[in-house]
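The structure appears right after this line, and notes come after that.
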Amino acid sequence: MDSQKKRSAEGKLLFVPAVRVSVGVLLISLLVLLTVGRLVEEAVSLDPREIGRDVVTLYEKRFAPLKGMKGVVGYITDADLQSRPEDVKAVQRFVLTQYALAPLIVLNIPQSRLVVGNFHEGAFDPKLPANQGFVVLLNFGDVVLLRNEAVP
């Protein structure tokens, strides 16, 4: 009888366990090669000119002057997150602001002594009724650091 094959009691041809293991290893190796091939294909298609131009990196650069602050700050923006929490873009901007300023804790409330302003529609305008009581400490155009005079 062939050393690679055995017959069962019913006469069916069975494979020796060593053959099954070899086939399993071969199949797993094939899957690994396909996965690595896809990763290599993605790496080759990467455009080096796009490095550093992704949304998160650009967002971090906007907040670079405030990086290194510690503690807790409030947050205001030109979008109304309090009454429109379903505004996905505004929520995304808030979360990216938290990420960019970490380990500084950014809370979605303007009732803090220090407040970070994140504006996309225009610059912070202290003359608007909603913005009264804030003193601009640092102004970087669309990003500002404010002191809330209403909070002791």
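In the structure tokens, each chain is lettered A, B, ... as it comes, each chain's residues begin at 1, and ligands are numbered from 1 in order of appearance.
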
Spatial neighbours of A:Ile109, max dist 12 Å, only C-alpha atoms, sep filter under 5 positions, as an NGL selection string: :A and (72-77 or 80-82 or 94 or 114-117 or 148)

DSSP strand (DSSP E or B) residues within chain A, listed as a PyMOL selection string: chain A and resi 5-7+13-15+72-77+105-106+114-118+134-139+143-148

Atomic distance atom CA of A:Leu66 - atom CA of A:Val136, expressed in Å with one decimal: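 Computing the Euclidean distance for atom CA of A:Leu66 and atom CA of A:Val136 yields 13.6 Å.
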
What lies within 10 Å of A:Leu138 using only C-alpha atoms, ignoring chain neighbours under 2 positions off, as a JSON list (two decimals) with C-alpha atoms, in the first residue's frame?
```json
[["chain", "number", "residue", "atom", "x", "y", "z"],
["A", 65, "PRO", "CA", 0.51, 77.25, 18.71],
["A", 66, "LEU", "CA", -1.72, 75.96, 21.52],
["A", 116, "VAL", "CA", -10.60, 77.48, 22.48],
["A", 135, "VAL", "CA", -11.42, 88.45, 25.72],
["A", 136, "VAL", "CA", -9.11, 87.32, 22.93],
["A", 140, "PHE", "CA", -4.48, 82.75, 14.86],
["A", 141, "GLY", "CA", -7.31, 83.59, 12.46],
["A", 143, "VAL", "CA", -8.25, 79.39, 15.91],
["A", 144, "VAL", "CA", -8.36, 81.62, 18.99],
["A", 145, "LEU", "CA", -7.70, 81.28, 22.69],
["A", 146, "LEU", "CA", -10.22, 83.22, 24.75],
["A", 147, "ARG", "CA", -10.70, 84.15, 28.38]]
```

I'd like a table as JSON lines: residues in stretch 36-144 of chain A with an atom no more than 10 Å from stretch 17-32 of chain A, each row giving the shortest atom pair and its distance in Å to one decimal, only C-alpha atoms counted, sorted by chain and rising residue number.
```
{"residue": "A:Val36", "atom": "CA", "partner": "A:Val32", "partner_atom": "CA", "distance": 6.1}
{"residue": "A:Gly37", "atom": "CA", "partner": "A:Val32", "partner_atom": "CA", "distance": 8.4}
{"residue": "A:Arg38", "atom": "CA", "partner": "A:Val32", "partner_atom": "CA", "distance": 10.0}
```

Counting only C-alpha atoms, the option among A:Leu58, A:Asn139, A:Ala150, A:Lys70 closest to A:Ala102: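 Of the candidates, the smallest distance to A:Ala102 is held by A:Lys70.
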
Residues of chain A in alpha helix (DSSP H), written as an MDAnalysis selection string: chainID A and resid 17:44 55:62 88:101

Which residue of A:Pro103, A:Lys89, A:Thr97, A:Glu50 approaches A:Met69 most closely, using only C-alpha atoms: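 Counting only C-alpha atoms, the residue closest to A:Met69 is A:Pro103.
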
Close residues, A:Ala100 itself excluded, 12 Å, only C-alpha atoms, min 6 positions apart in chain, as number ranges by chain: A: 55-69, 93-94, 106, 116, 118
